[in-house]
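A.B. asks: Compact mmCIF, C-alpha atoms, file work.txt:
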# COMPACT_ATOMS: atom_id res chain seq x y z
CA MET M 25 -32.54 -46.85 52.46
CA SER M 26 -28.92 -47.86 52.74
CA SER M 27 -28.99 -51.49 51.70
CA ALA M 28 -25.60 -51.30 49.99
CA PRO M 29 -22.59 -51.62 52.32
CA VAL M 30 -21.02 -48.68 50.46
CA THR M 31 -23.30 -46.14 52.14
CA GLU M 32 -23.25 -47.60 55.65
CA PRO M 33 -21.34 -45.45 58.13
CA SER M 34 -19.52 -48.34 59.86
CA MET M 35 -18.80 -52.00 59.30
CA SER M 36 -17.62 -54.88 61.49
CA SER M 37 -14.58 -56.86 60.39
CA ALA M 38 -16.81 -59.94 59.93
CA ALA M 39 -19.06 -57.99 57.56
CA GLY M 40 -15.93 -56.74 55.81
CA PHE M 41 -14.71 -60.32 55.42
CA VAL M 42 -18.03 -61.34 53.83
CA ALA M 43 -17.84 -58.34 51.50
CA GLY M 44 -14.32 -59.45 50.52
CA VAL M 45 -15.45 -63.00 49.70
CA LYS M 46 -18.35 -61.58 47.65
CA ALA M 47 -15.98 -59.24 45.80
CA ALA M 48 -13.83 -62.27 44.88
CA ARG M 49 -16.90 -64.01 43.46
CA THR M 50 -17.43 -61.28 40.85
CA SER M 51 -13.74 -60.55 40.22
CA VAL M 52 -12.20 -61.46 36.88
CA PHE M 53 -9.14 -62.47 38.90
CA SER M 54 -11.01 -65.49 40.25
CA TYR M 55 -10.96 -66.91 36.70
CA VAL M 56 -7.37 -65.80 36.21
CA ILE M 57 -6.34 -67.53 39.47
CA ILE M 58 -8.16 -70.76 38.54
CA GLY M 59 -6.37 -70.90 35.18
CA THR M 60 -2.97 -69.80 36.49
CA TYR M 61 -2.95 -72.29 39.36
CA ILE M 62 -4.10 -75.16 37.14
CA SER M 63 -0.94 -74.43 35.13
CA ILE M 64 1.18 -74.17 38.31
CA GLY M 65 -0.25 -77.49 39.59
CA ALA M 66 0.58 -79.13 36.26
CA LEU M 67 4.07 -77.59 36.33
CA GLY M 68 4.64 -78.93 39.88
CA HIS M 69 3.57 -82.40 38.76
CA ASP M 70 5.85 -82.31 35.70
CA TYR M 71 8.88 -81.28 37.77
CA GLY M 72 8.30 -84.11 40.27
CA PHE M 73 6.84 -82.34 43.31
CA SER M 74 3.99 -83.78 45.40
CA ALA M 75 0.44 -82.34 45.41
CA LEU M 76 0.89 -81.39 49.07
CA TRP M 77 4.11 -79.52 48.28
CA VAL M 78 2.36 -77.52 45.52
CA ALA M 79 -0.53 -76.66 47.88
CA LEU M 80 1.89 -75.53 50.61
CA SER M 81 3.86 -73.43 48.12
CA THR M 82 0.61 -71.65 47.23
CA LEU M 83 -0.28 -71.03 50.89
CA LEU M 84 3.21 -69.91 51.90
CA VAL M 85 4.52 -68.09 48.81
CA TRP M 86 1.28 -66.87 47.21
CA ALA M 87 2.88 -65.12 44.23
CA GLY M 88 2.44 -66.77 40.84
CA PRO M 89 5.69 -65.68 39.12
CA ALA M 90 7.75 -66.60 42.23
CA GLN M 91 6.13 -70.05 42.40
CA VAL M 92 6.87 -70.69 38.70
CA ILE M 93 10.54 -69.75 39.29
CA LEU M 94 10.69 -71.85 42.48
CA ILE M 95 9.26 -74.96 40.79
CA THR M 96 11.31 -74.75 37.59
CA LEU M 97 14.63 -73.95 39.33
CA LEU M 98 14.28 -76.47 42.19
CA GLY M 99 12.94 -79.02 39.70
CA THR M 100 16.03 -78.67 37.52
CA GLY M 101 18.34 -79.00 40.52
CA ALA M 102 19.62 -75.43 40.82
CA ALA M 103 21.67 -74.49 43.90
CA PRO M 104 19.44 -73.41 46.84
CA LEU M 105 21.15 -70.02 47.13
CA GLU M 106 20.55 -69.33 43.44
CA VAL M 107 16.87 -70.29 43.81
CA ALA M 108 16.42 -68.08 46.89
CA MET M 109 17.97 -65.10 45.08
CA ALA M 110 15.86 -65.56 41.95
CA VAL M 111 12.68 -65.81 44.04
CA GLY M 112 13.66 -62.82 46.18
CA LEU M 113 14.39 -60.64 43.13
CA SER M 114 11.11 -61.52 41.45
CA SER M 115 9.15 -60.74 44.63
CA MET M 116 10.65 -57.35 45.34
CA ARG M 117 7.52 -55.70 43.96
CA LEU M 118 5.66 -56.93 47.07
CA LEU M 119 7.39 -54.26 49.20
CA PRO M 120 6.02 -51.19 47.37
CA MET M 121 2.68 -52.99 46.92
CA VAL M 122 2.31 -53.50 50.68
CA VAL M 123 3.37 -49.91 51.39
CA ALA M 124 0.85 -48.58 48.86
CA LEU M 125 -2.08 -50.69 50.08
CA LEU M 126 -1.79 -51.02 53.89
CA PRO M 127 -2.38 -47.31 54.67
CA LEU M 128 -5.67 -47.65 52.78
CA LEU M 129 -6.69 -50.69 54.87
CA LYS M 130 -5.66 -49.70 58.38
CA THR M 131 -7.25 -47.33 60.84
CA ARG M 132 -5.55 -45.45 63.68
CA GLN M 133 -6.53 -48.31 66.00
CA SER M 134 -4.99 -51.04 63.82
CA ARG M 135 -2.25 -53.02 65.57
CA MET M 136 0.78 -54.18 63.68
CA HIS M 137 0.06 -57.91 64.14
CA SER M 138 -3.44 -57.50 62.67
CA LEU M 139 -1.79 -56.28 59.44
CA LEU M 140 0.45 -59.33 58.96
CA LEU M 141 -2.33 -61.51 57.51
CA PRO M 142 -3.62 -58.94 54.99
CA ALA M 143 0.03 -58.26 54.06
CA HIS M 144 0.57 -61.97 53.40
CA PHE M 145 -2.47 -61.97 51.11
CA ILE M 146 -1.01 -59.17 48.97
CA ALA M 147 -0.06 -60.46 45.53
CA ALA M 148 -0.52 -58.64 42.22
CA SER M 149 -4.11 -59.90 41.74
CA MET M 150 -5.30 -59.15 45.28
CA TRP M 151 -3.41 -55.82 45.30
CA MET M 152 -5.10 -54.51 42.18
CA GLU M 153 -8.58 -55.59 43.30
CA ALA M 154 -8.14 -54.24 46.85
CA LEU M 155 -6.77 -50.89 45.59
CA ARG M 156 -9.83 -50.55 43.38
CA LEU M 157 -12.54 -51.84 45.76
CA ALA M 158 -11.39 -51.08 49.34
CA PRO M 159 -12.13 -47.32 49.08
CA ARG M 160 -15.83 -48.25 48.70
CA ILE M 161 -15.75 -50.12 52.05
CA PRO M 162 -16.07 -48.22 55.38
CA SER M 163 -12.58 -47.92 56.86
CA GLU M 164 -13.18 -50.16 59.92
CA GLY M 165 -14.18 -53.01 57.60
CA ARG M 166 -11.23 -52.81 55.21
CA VAL M 167 -8.80 -55.18 56.98
CA GLY M 168 -11.64 -57.74 57.13
CA PHE M 169 -12.38 -57.04 53.47
CA ALA M 170 -8.75 -57.69 52.49
CA ASN M 171 -8.72 -60.91 54.54
CA GLY M 172 -11.95 -62.10 52.90
CA LEU M 173 -10.71 -61.29 49.41
CA GLY M 174 -7.32 -62.92 50.10
CA THR M 175 -8.83 -66.04 51.72
CA ALA M 176 -11.19 -66.55 48.78
CA PHE M 177 -8.42 -66.06 46.19
CA ILE M 178 -5.88 -68.29 47.97
CA SER M 179 -8.46 -71.07 48.56
CA LEU M 180 -9.36 -71.02 44.89
CA ALA M 181 -5.65 -71.17 44.04
CA VAL M 182 -5.00 -74.20 46.28
CA LEU M 183 -8.00 -76.10 44.84
CA SER M 184 -7.03 -75.22 41.25
CA GLY M 185 -3.47 -76.37 41.96
CA PHE M 186 -4.80 -79.83 42.90
CA VAL M 187 -6.92 -79.91 39.73
CA GLY M 188 -3.91 -79.02 37.58
CA PHE M 189 -1.69 -81.51 39.39
CA TYR M 190 -4.03 -84.44 38.73
CA LEU M 191 -4.91 -83.36 35.17
CA ALA M 192 -1.27 -82.64 34.25
CA GLN M 193 -0.84 -85.51 31.81
CA ARG M 194 -4.14 -84.85 30.06
CA LEU M 195 -3.69 -81.11 29.42
CA PRO M 196 -2.60 -80.18 25.86
CA PRO M 197 0.61 -78.05 25.90
CA LEU M 198 -1.07 -75.21 23.99
CA PHE M 199 -3.83 -75.07 26.62
CA VAL M 200 -1.21 -74.87 29.39
CA ALA M 201 0.55 -72.13 27.37
CA ALA M 202 -2.70 -70.14 27.27
CA LEU M 203 -3.12 -70.61 31.05
CA LEU M 204 0.44 -69.36 31.65
CA PHE M 205 -0.41 -66.35 29.47
CA LEU M 206 -3.22 -65.37 31.91
CA THR M 207 -0.69 -63.80 34.32
CA PRO M 208 0.87 -61.20 31.97
CA ILE M 209 -2.34 -60.30 30.10
CA SER M 210 -4.47 -59.94 33.27
CA PHE M 211 -1.76 -57.97 35.12
CA LEU M 212 -1.43 -55.56 32.20
CA VAL M 213 -5.13 -55.04 31.43
CA SER M 214 -6.03 -54.68 35.11
CA ALA M 215 -3.14 -52.26 35.70
CA ILE M 216 -4.46 -50.15 32.80
CA ARG M 217 -7.90 -50.13 34.43
CA ASN M 218 -6.41 -49.09 37.78
CA ALA M 219 -4.23 -46.33 36.31
CA ARG M 220 -6.33 -43.25 36.89
CA LEU M 221 -3.59 -40.77 37.81
CA LEU M 222 -1.06 -39.57 35.22
CA ALA M 223 1.66 -40.99 37.51
CA ASP M 224 0.19 -44.51 37.27
CA ARG M 225 -0.21 -44.34 33.48
CA LEU M 226 3.31 -43.05 32.93
CA ALA M 227 4.73 -45.67 35.32
CA LEU M 228 3.01 -48.38 33.32
CA GLY M 229 4.23 -47.04 29.98
CA ILE M 230 7.80 -46.40 31.14
CA GLY M 231 7.95 -49.84 32.77
CA LEU M 232 6.84 -51.55 29.56
CA VAL M 233 9.64 -49.82 27.60
CA ALA M 234 12.38 -49.82 30.27
CA ALA M 235 12.23 -53.46 31.38
CA PRO M 236 13.10 -54.98 27.96
CA LEU M 237 15.81 -52.36 27.34
CA LEU M 238 17.49 -53.01 30.70
CA THR M 239 17.27 -56.75 30.06
CA ILE M 240 18.75 -56.49 26.56
CA TYR M 241 21.68 -54.44 27.87
CA ASN M 242 22.13 -57.02 30.65
CA VAL M 243 21.69 -54.57 33.51
CA ASN M 244 21.69 -56.35 36.87
CA LEU M 245 18.56 -56.02 39.03
CA ASP M 246 16.62 -54.82 35.98
CA LEU M 247 13.22 -54.95 37.71
CA LEU M 248 14.51 -52.93 40.67
CA TRP M 249 15.79 -50.19 38.33
CA THR M 250 12.62 -50.33 36.23
CA GLY M 251 10.62 -49.68 39.37
CA LEU M 252 12.80 -47.05 41.02
CA VAL M 253 13.77 -45.05 37.92
CA GLY M 254 10.55 -45.59 35.96
CA GLY M 255 8.25 -45.04 38.94
CA THR M 256 10.14 -41.97 40.15
CA ALA M 257 10.25 -40.41 36.66
CA ALA M 258 6.51 -41.01 36.27
CA TYR M 259 5.83 -39.45 39.66
CA ALA M 260 8.09 -36.45 38.92
CA ILE M 261 6.28 -35.71 35.64
CA HIS M 262 2.94 -36.05 37.41
CA ARG M 263 4.07 -33.55 40.09
CA MET M 264 5.36 -31.07 37.50
CA ARG M 265 2.05 -31.13 35.66
CA GLU M 266 0.14 -30.67 38.93
CA ALA M 267 2.36 -27.67 39.76
CA THR M 268 1.83 -25.94 36.42
CA ARG M 269 -1.93 -26.32 36.45
CA MET B 18 17.80 -90.76 56.92
CA ARG B 19 14.64 -91.55 55.06
CA SER B 20 12.59 -88.96 56.90
CA ILE B 21 15.17 -86.24 56.22
CA HIS B 22 15.15 -87.21 52.57
CA GLU B 23 11.36 -86.86 52.49
CA LEU B 24 11.34 -83.56 54.35
CA TRP B 25 14.08 -81.93 52.26
CA PRO B 26 11.73 -80.56 49.54
CA TYR B 27 9.64 -78.92 52.28
CA MET B 28 12.72 -77.38 53.89
CA LEU B 29 13.73 -76.04 50.48
CA LEU B 30 10.22 -74.60 50.10
CA ILE B 31 10.64 -72.67 53.36
CA LEU B 32 14.26 -71.60 52.78
CA THR B 33 14.26 -70.78 49.06
CA GLY B 34 10.56 -70.02 48.48
CA PHE B 35 8.78 -68.73 51.56
CA LEU B 36 11.51 -66.70 53.32
CA PRO B 37 12.98 -64.74 50.34
CA ASN B 38 9.41 -63.92 49.27
CA GLU B 39 7.80 -63.08 52.62
CA VAL B 40 10.64 -60.80 53.73
CA TRP B 41 9.40 -58.14 51.26
CA ARG B 42 5.90 -58.24 52.74
CA LEU B 43 7.29 -57.90 56.29
CA LEU B 44 9.53 -54.99 55.24
CA GLY B 45 6.46 -53.45 53.61
CA VAL B 46 4.49 -53.70 56.86
CA LEU B 47 7.35 -51.96 58.70
CA ALA B 48 7.82 -49.30 56.03
CA SER B 49 4.11 -48.46 55.89
CA ARG B 50 4.00 -47.43 59.56
CA GLY B 51 2.89 -43.83 59.86
CA VAL B 52 2.16 -43.48 56.14
CA GLU B 53 -1.15 -41.66 55.57
CA GLU B 54 -3.83 -42.91 53.18
CA GLU B 55 -3.96 -39.73 51.08
CA SER B 56 -0.24 -38.92 51.02
CA GLU B 57 2.07 -38.05 48.14
CA LEU B 58 4.38 -40.86 49.28
CA ILE B 59 1.64 -43.36 48.41
CA VAL B 60 1.38 -41.96 44.88
CA TRP B 61 5.14 -42.37 44.38
CA VAL B 62 5.26 -45.88 45.91
CA ARG B 63 2.31 -46.94 43.77
CA SER B 64 4.14 -45.64 40.67
CA VAL B 65 7.20 -47.72 41.60
CA ALA B 66 5.04 -50.84 42.14
CA THR B 67 3.19 -50.23 38.86
CA ALA B 68 6.43 -49.82 36.89
CA ILE B 69 7.79 -53.09 38.36
CA LEU B 70 4.51 -54.83 37.50
CA ALA B 71 4.84 -53.61 33.90
CA GLY B 72 8.38 -55.00 33.92
CA VAL B 73 7.14 -58.38 35.20
CA VAL B 74 4.58 -58.48 32.35
CA VAL B 75 7.28 -57.79 29.74
CA LYS B 76 9.67 -60.37 31.23
CA ILE B 77 7.06 -63.14 31.31
CA VAL B 78 6.07 -62.41 27.70
CA ILE B 79 9.67 -62.27 26.39
CA PHE B 80 11.27 -64.94 28.64
CA ALA B 81 8.20 -67.19 28.72
CA PRO B 82 8.09 -70.03 31.29
CA GLY B 83 7.28 -73.70 30.57
CA ALA B 84 4.81 -74.46 27.79
CA LEU B 85 4.41 -70.75 26.92
CA ALA B 86 7.98 -70.75 25.58
CA SER B 87 6.90 -73.05 22.73
CA VAL B 88 4.57 -70.32 21.41
CA PRO B 89 6.46 -68.01 18.96
CA LEU B 90 7.46 -64.63 20.42
CA ALA B 91 5.52 -62.81 17.68
CA ALA B 92 2.32 -64.60 18.75
CA ARG B 93 2.95 -63.71 22.41
CA LEU B 94 3.54 -60.02 21.63
CA GLY B 95 0.62 -59.88 19.20
CA ALA B 96 -1.72 -61.46 21.74
CA ILE B 97 -0.76 -58.86 24.35
CA GLY B 98 -1.58 -56.05 21.88
CA ILE B 99 -4.86 -57.65 20.81
CA GLY B 100 -5.87 -58.23 24.45
CA VAL B 101 -5.25 -54.57 25.36
CA ALA B 102 -7.11 -53.42 22.21
CA ALA B 103 -10.08 -55.65 23.16
CA TYR B 104 -10.08 -54.22 26.69
CA LEU B 105 -10.24 -50.68 25.28
CA GLY B 106 -12.75 -51.67 22.56
CA PHE B 107 -15.11 -53.32 25.02
CA ARG B 108 -15.29 -50.14 27.15
CA GLY B 109 -12.95 -51.30 29.87
CA SER B 110 -14.00 -54.93 30.33
CA VAL B 111 -10.98 -56.71 31.86
CA PHE B 112 -12.67 -60.03 31.18
CA ALA B 113 -12.98 -59.23 27.44
CA GLY B 114 -9.32 -58.18 27.31
CA VAL B 115 -8.04 -61.31 29.07
CA ALA B 116 -10.27 -63.75 27.14
CA THR B 117 -9.47 -62.15 23.76
CA GLY B 118 -5.74 -62.07 24.55
CA CYS B 119 -5.64 -65.78 25.44
CA THR B 120 -7.69 -66.71 22.37
CA ALA B 121 -5.38 -64.64 20.17
CA LEU B 122 -2.39 -66.46 21.68
CA VAL B 123 -3.82 -69.88 20.78
CA ILE B 124 -4.74 -68.76 17.23
CA GLY B 125 -1.33 -67.13 16.80
CA ALA B 126 0.45 -70.28 17.97
CA LEU B 127 -1.52 -72.42 15.52
CA LEU B 128 -0.89 -70.03 12.61
CA LEU B 129 2.80 -69.28 13.30
CA GLY B 130 3.86 -72.45 15.08
Show me, as structure tokens, the structure contained in the file I just sent.

C.D. replies:
Amino acid sequence: MSSAPVTEPSMSSAAGFVAGVKAARTSVFSYVIIGTYISIGALGHDYGFSALWVALSTLLVWAGPAQVILITLLGTGAAPLEVAMAVGLSSMRLLPMVVALLPLLKTRQSRMHSLLLPAHFIAASMWMEALRLAPRIPSEGRVGFANGLGTAFISLAVLSGFVGFYLAQRLPPLFVAALLFLTPISFLVSAIRNARLLADRLALGIGLVAAPLLTIYNVNLDLLWTGLVGGTAAYAIHRMREATR
Amino acid sequence: MRSIHELWPYMLLILTGFLPNEVWRLLGVLASRGVEEESELIVWVRSVATAILAGVVVKIVIFAPGALASVPLAARLGAIGIGVAAYLGFRGSVFAGVATGCTALVIGALLLG
């Protein structure tokens, strides 16, 4: 009767892991990751890094925009402190992403150290897919599910990075431009799909308007303010509407 | 000397790439302790993350990295709009939205470039 894992009452972490790998196989983000990391591999090659260095940056950093900043800034000889600050600012979004996803993954029995690996796998692509798909997985299998999804995505990214690195000189610039465009278009479209609550939709809309305004007026930490002010305003409006219903 | 010279890029990777990035994930693990799955806090935190993500999208499109910078801004903005329209037109197919957006970018670059 219950052949689908969705309806099973419990799930081992190994079965969760397999479900995560399978989810990656049908995810549009697998294609997005292949394309994005071909462009990151090519970028690493063009800025003079080794193939091993690019692969390690994918395993250790695992955040596309941060890796692009890291490669372009280090490659142009920027001061290490400046590079670290630029990477840190661009990756701030990981904090609220981890806080929003981990409570969905863990059970009361989950130990802190068992959450470090799924937390490392959280990047925009994995976050959006796990937020959408993990609720369909029995709760004991969700950490395994996140690890399976993350392992599949990161493996694909490392392999694609090698492909891009070795193809770098043969890729037409316009093709690389289209690959670099995968990140913003997939983040936006997938965020629209995931935005079911009014709070999510408003946050998306306010963020799209606020970020360019704050940048134009040269406000420091523009992404931090976009998130805190935009996200809080969206949540407040959502709460007010809930209260008046 | 030679070995230090060879290892320097890897030390920079750890110091300027891995650590300033991973610290946010570790802080997230600490901050999520005791947070319940169905709590209001989660809705707020998700709104903050979503707003930042929207900001990241805008910044990549406007301040495009690498080869994307050679595509005119109008083509980048137009392709984002066309991609979202395709997503909505194809009844919520993310694949259709992404593929149409990238195709529109290439066509836009050829027409406007």

A.B. asks: For His262 in chain M, list every protein, DNA or RNA residue within 6 Å, evaluated using all atoms listed in the file, and leave out those in the same chain fewer than 2 positions away; present the list as a ChimeraX atom specification.

C.D. replies: /M:222-223,259-260,264-265

A.B. asks: Pick from B:Pro26, B:Gly72, B:Pro37, B:Gly51: nearest to Leu247 in chain M, with all atoms listed in the file counted?

C.D. replies: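 Among the listed residues, B:Gly72 lies closest to Leu247 in chain M.
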
A.B. asks: Just the number, please: distance in Å from CA of Ala103 in chain B to CA of Val200 in chain M, one decimal.

C.D. replies: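 Going from CA of Ala103 in chain B over to CA of Val200 in chain M covers 22.1 Å.
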
A.B. asks: So the first atom is CA of Leu80 in chain M and the second is CA of Leu70 in chain B; what is the distance between them in Å, to one decimal place?

C.D. replies: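 Separation of CA of Leu80 in chain M and CA of Leu70 in chain B: 24.6 Å.
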
A.B. asks: If I take CA of Trp86 in chain M and CA of Ser64 in chain B, how far is one from the other in Å, to one decimal?

C.D. replies: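 These two atoms are separated by 22.4 Å.
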
A.B. asks: Just need the residues of chain M within 7 Å of chain B, counting only C-alpha atoms, so spit them out as JSON, numbers by chain.

C.D. replies: {"M": [52, 77, 81, 84, 85, 94, 104, 107, 108, 111, 112, 115, 116, 117, 118, 119, 120, 121, 122, 123, 124, 126, 127, 128, 143, 144, 197, 198, 200, 201, 202, 204, 205, 206, 208, 209, 210, 211, 212, 213, 214, 217, 223, 224, 227, 228, 230, 231, 232, 235, 236, 247, 250, 251, 252, 254, 255, 256, 258, 259]}

A.B. asks: Assuming 4 Å of padding per side, give the centre and edge lengths of the axis-aligned box around every listed atom of range 188-191 of chain M, in Å to one decimal and as lines of an AutoDock Vina configuration file.

C.D. replies:
center_x = -3.3
center_y = -81.7
center_z = 37.3
size_x = 11.2
size_y = 13.4
size_z = 12.2

A.B. asks: Using all atoms listed in the file for the distances, tell me which of M:Leu155, M:Ile161, M:Leu173, M:Val233 is nearest to Ala215 in chain M.

C.D. replies: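 Selected residue with least distance to Ala215 in chain M: M:Leu155.
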
A.B. asks: Taking all atoms listed in the file into account, name the residue in M:Thr239, M:Thr207, M:Ser34, M:Ser184 that is nearest to Val78 in chain M.

C.D. replies: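 Using all atoms listed in the file, the shortest distance to Val78 in chain M belongs to M:Ser184.
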
A.B. asks: Name the closest residue to Ala66 in chain M among the candidates M:Gly40, M:Pro142, M:Gly185, M:Gly99; distances are taken between atoms, counting all atoms listed in the file.

C.D. replies: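 Among M:Gly40, M:Pro142, M:Gly185, M:Gly99, it is M:Gly185 that comes nearest to Ala66 in chain M.
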
A.B. asks: Can you take the partial range 257-266 of chain M, add all heavy atoms, and return it as a PDB file, in the coordinates of the input?

C.D. replies:
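Output below, filename out.pdb:
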ATOM      1  N   ALA M 257      10.416 -41.318  37.799  1.00  0.00           N
ATOM      2  CA  ALA M 257      10.250 -40.410  36.660  1.00  0.00           C
ATOM      3  C   ALA M 257       8.770 -40.136  36.416  1.00  0.00           C
ATOM      4  O   ALA M 257       8.358 -38.982  36.215  1.00  0.00           O
ATOM      5  CB  ALA M 257      10.893 -41.020  35.406  1.00  0.00           C
ATOM      6  N   ALA M 258       7.953 -41.170  36.478  1.00  0.00           N
ATOM      7  CA  ALA M 258       6.510 -41.010  36.270  1.00  0.00           C
ATOM      8  C   ALA M 258       5.918 -40.077  37.323  1.00  0.00           C
ATOM      9  O   ALA M 258       5.137 -39.168  37.021  1.00  0.00           O
ATOM     10  CB  ALA M 258       5.818 -42.367  36.313  1.00  0.00           C
ATOM     11  N   TYR M 259       6.334 -40.283  38.574  1.00  0.00           N
ATOM     12  CA  TYR M 259       5.830 -39.450  39.660  1.00  0.00           C
ATOM     13  C   TYR M 259       6.287 -37.998  39.500  1.00  0.00           C
ATOM     14  O   TYR M 259       5.510 -37.063  39.709  1.00  0.00           O
ATOM     15  CB  TYR M 259       6.297 -40.008  41.005  1.00  0.00           C
ATOM     16  CG  TYR M 259       5.907 -39.130  42.171  1.00  0.00           C
ATOM     17  CD1 TYR M 259       4.572 -39.042  42.573  1.00  0.00           C
ATOM     18  CD2 TYR M 259       6.857 -38.372  42.848  1.00  0.00           C
ATOM     19  CE1 TYR M 259       4.208 -38.229  43.622  1.00  0.00           C
ATOM     20  CE2 TYR M 259       6.501 -37.560  43.902  1.00  0.00           C
ATOM     21  CZ  TYR M 259       5.177 -37.488  44.292  1.00  0.00           C
ATOM     22  OH  TYR M 259       4.813 -36.671  45.317  1.00  0.00           O
ATOM     23  N   ALA M 260       7.550 -37.808  39.085  1.00  0.00           N
ATOM     24  CA  ALA M 260       8.090 -36.450  38.920  1.00  0.00           C
ATOM     25  C   ALA M 260       7.312 -35.692  37.823  1.00  0.00           C
ATOM     26  O   ALA M 260       6.954 -34.527  38.009  1.00  0.00           O
ATOM     27  CB  ALA M 260       9.575 -36.512  38.569  1.00  0.00           C
ATOM     28  N   ILE M 261       7.040 -36.364  36.717  1.00  0.00           N
ATOM     29  CA  ILE M 261       6.280 -35.710  35.640  1.00  0.00           C
ATOM     30  C   ILE M 261       4.870 -35.359  36.109  1.00  0.00           C
ATOM     31  O   ILE M 261       4.361 -34.270  35.857  1.00  0.00           O
ATOM     32  CB  ILE M 261       6.233 -36.621  34.383  1.00  0.00           C
ATOM     33  CG1 ILE M 261       7.648 -36.850  33.839  1.00  0.00           C
ATOM     34  CG2 ILE M 261       5.337 -36.022  33.303  1.00  0.00           C
ATOM     35  CD1 ILE M 261       7.747 -37.928  32.778  1.00  0.00           C
ATOM     36  N   HIS M 262       4.272 -36.282  36.846  1.00  0.00           N
ATOM     37  CA  HIS M 262       2.940 -36.050  37.410  1.00  0.00           C
ATOM     38  C   HIS M 262       2.939 -34.808  38.319  1.00  0.00           C
ATOM     39  O   HIS M 262       2.069 -33.952  38.235  1.00  0.00           O
ATOM     40  CB  HIS M 262       2.525 -37.318  38.176  1.00  0.00           C
ATOM     41  CG  HIS M 262       1.457 -37.130  39.205  1.00  0.00           C
ATOM     42  ND1 HIS M 262       0.115 -37.096  38.879  1.00  0.00           N
ATOM     43  CD2 HIS M 262       1.524 -36.968  40.550  1.00  0.00           C
ATOM     44  CE1 HIS M 262      -0.593 -36.925  39.998  1.00  0.00           C
ATOM     45  NE2 HIS M 262       0.237 -36.843  41.015  1.00  0.00           N
ATOM     46  N   ARG M 263       3.976 -34.701  39.187  1.00  0.00           N
ATOM     47  CA  ARG M 263       4.070 -33.550  40.090  1.00  0.00           C
ATOM     48  C   ARG M 263       4.266 -32.258  39.323  1.00  0.00           C
ATOM     49  O   ARG M 263       3.661 -31.214  39.655  1.00  0.00           O
ATOM     50  CB  ARG M 263       5.245 -33.738  41.072  1.00  0.00           C
ATOM     51  CG  ARG M 263       4.939 -34.601  42.260  1.00  0.00           C
ATOM     52  CD  ARG M 263       3.802 -34.056  43.103  1.00  0.00           C
ATOM     53  NE  ARG M 263       4.137 -32.812  43.774  1.00  0.00           N
ATOM     54  CZ  ARG M 263       4.686 -32.718  44.976  1.00  0.00           C
ATOM     55  NH1 ARG M 263       4.958 -33.820  45.640  1.00  0.00           N
ATOM     56  NH2 ARG M 263       4.935 -31.556  45.519  1.00  0.00           N
ATOM     57  N   MET M 264       5.119 -32.285  38.280  1.00  0.00           N
ATOM     58  CA  MET M 264       5.360 -31.070  37.500  1.00  0.00           C
ATOM     59  C   MET M 264       4.080 -30.581  36.833  1.00  0.00           C
ATOM     60  O   MET M 264       3.785 -29.411  36.804  1.00  0.00           O
ATOM     61  CB  MET M 264       6.446 -31.322  36.444  1.00  0.00           C
ATOM     62  CG  MET M 264       7.847 -31.281  37.043  1.00  0.00           C
ATOM     63  SD  MET M 264       9.110 -31.207  35.785  1.00  0.00           S
ATOM     64  CE  MET M 264       9.100 -32.859  35.172  1.00  0.00           C
ATOM     65  N   ARG M 265       3.292 -31.520  36.318  1.00  0.00           N
ATOM     66  CA  ARG M 265       2.050 -31.130  35.660  1.00  0.00           C
ATOM     67  C   ARG M 265       1.051 -30.573  36.687  1.00  0.00           C
ATOM     68  O   ARG M 265       0.357 -29.603  36.423  1.00  0.00           O
ATOM     69  CB  ARG M 265       1.428 -32.293  34.899  1.00  0.00           C
ATOM     70  CG  ARG M 265       0.707 -31.780  33.653  1.00  0.00           C
ATOM     71  CD  ARG M 265      -0.077 -32.854  32.983  1.00  0.00           C
ATOM     72  NE  ARG M 265      -1.175 -33.337  33.843  1.00  0.00           N
ATOM     73  CZ  ARG M 265      -2.288 -33.861  33.375  1.00  0.00           C
ATOM     74  NH1 ARG M 265      -2.457 -33.992  32.071  1.00  0.00           N
ATOM     75  NH2 ARG M 265      -3.223 -34.289  34.178  1.00  0.00           N
ATOM     76  N   GLU M 266       1.016 -31.180  37.873  1.00  0.00           N
ATOM     77  CA  GLU M 266       0.140 -30.670  38.930  1.00  0.00           C
ATOM     78  C   GLU M 266       0.531 -29.234  39.294  1.00  0.00           C
ATOM     79  O   GLU M 266      -0.328 -28.392  39.533  1.00  0.00           O
ATOM     80  CB  GLU M 266       0.255 -31.543  40.183  1.00  0.00           C
ATOM     81  CG  GLU M 266      -0.260 -32.945  40.012  1.00  0.00           C
ATOM     82  CD  GLU M 266      -1.760 -33.036  40.141  1.00  0.00           C
ATOM     83  OE1 GLU M 266      -2.259 -32.841  41.256  1.00  0.00           O
ATOM     84  OE2 GLU M 266      -2.435 -33.311  39.124  1.00  0.00           O
TER      85      GLU M 266
END
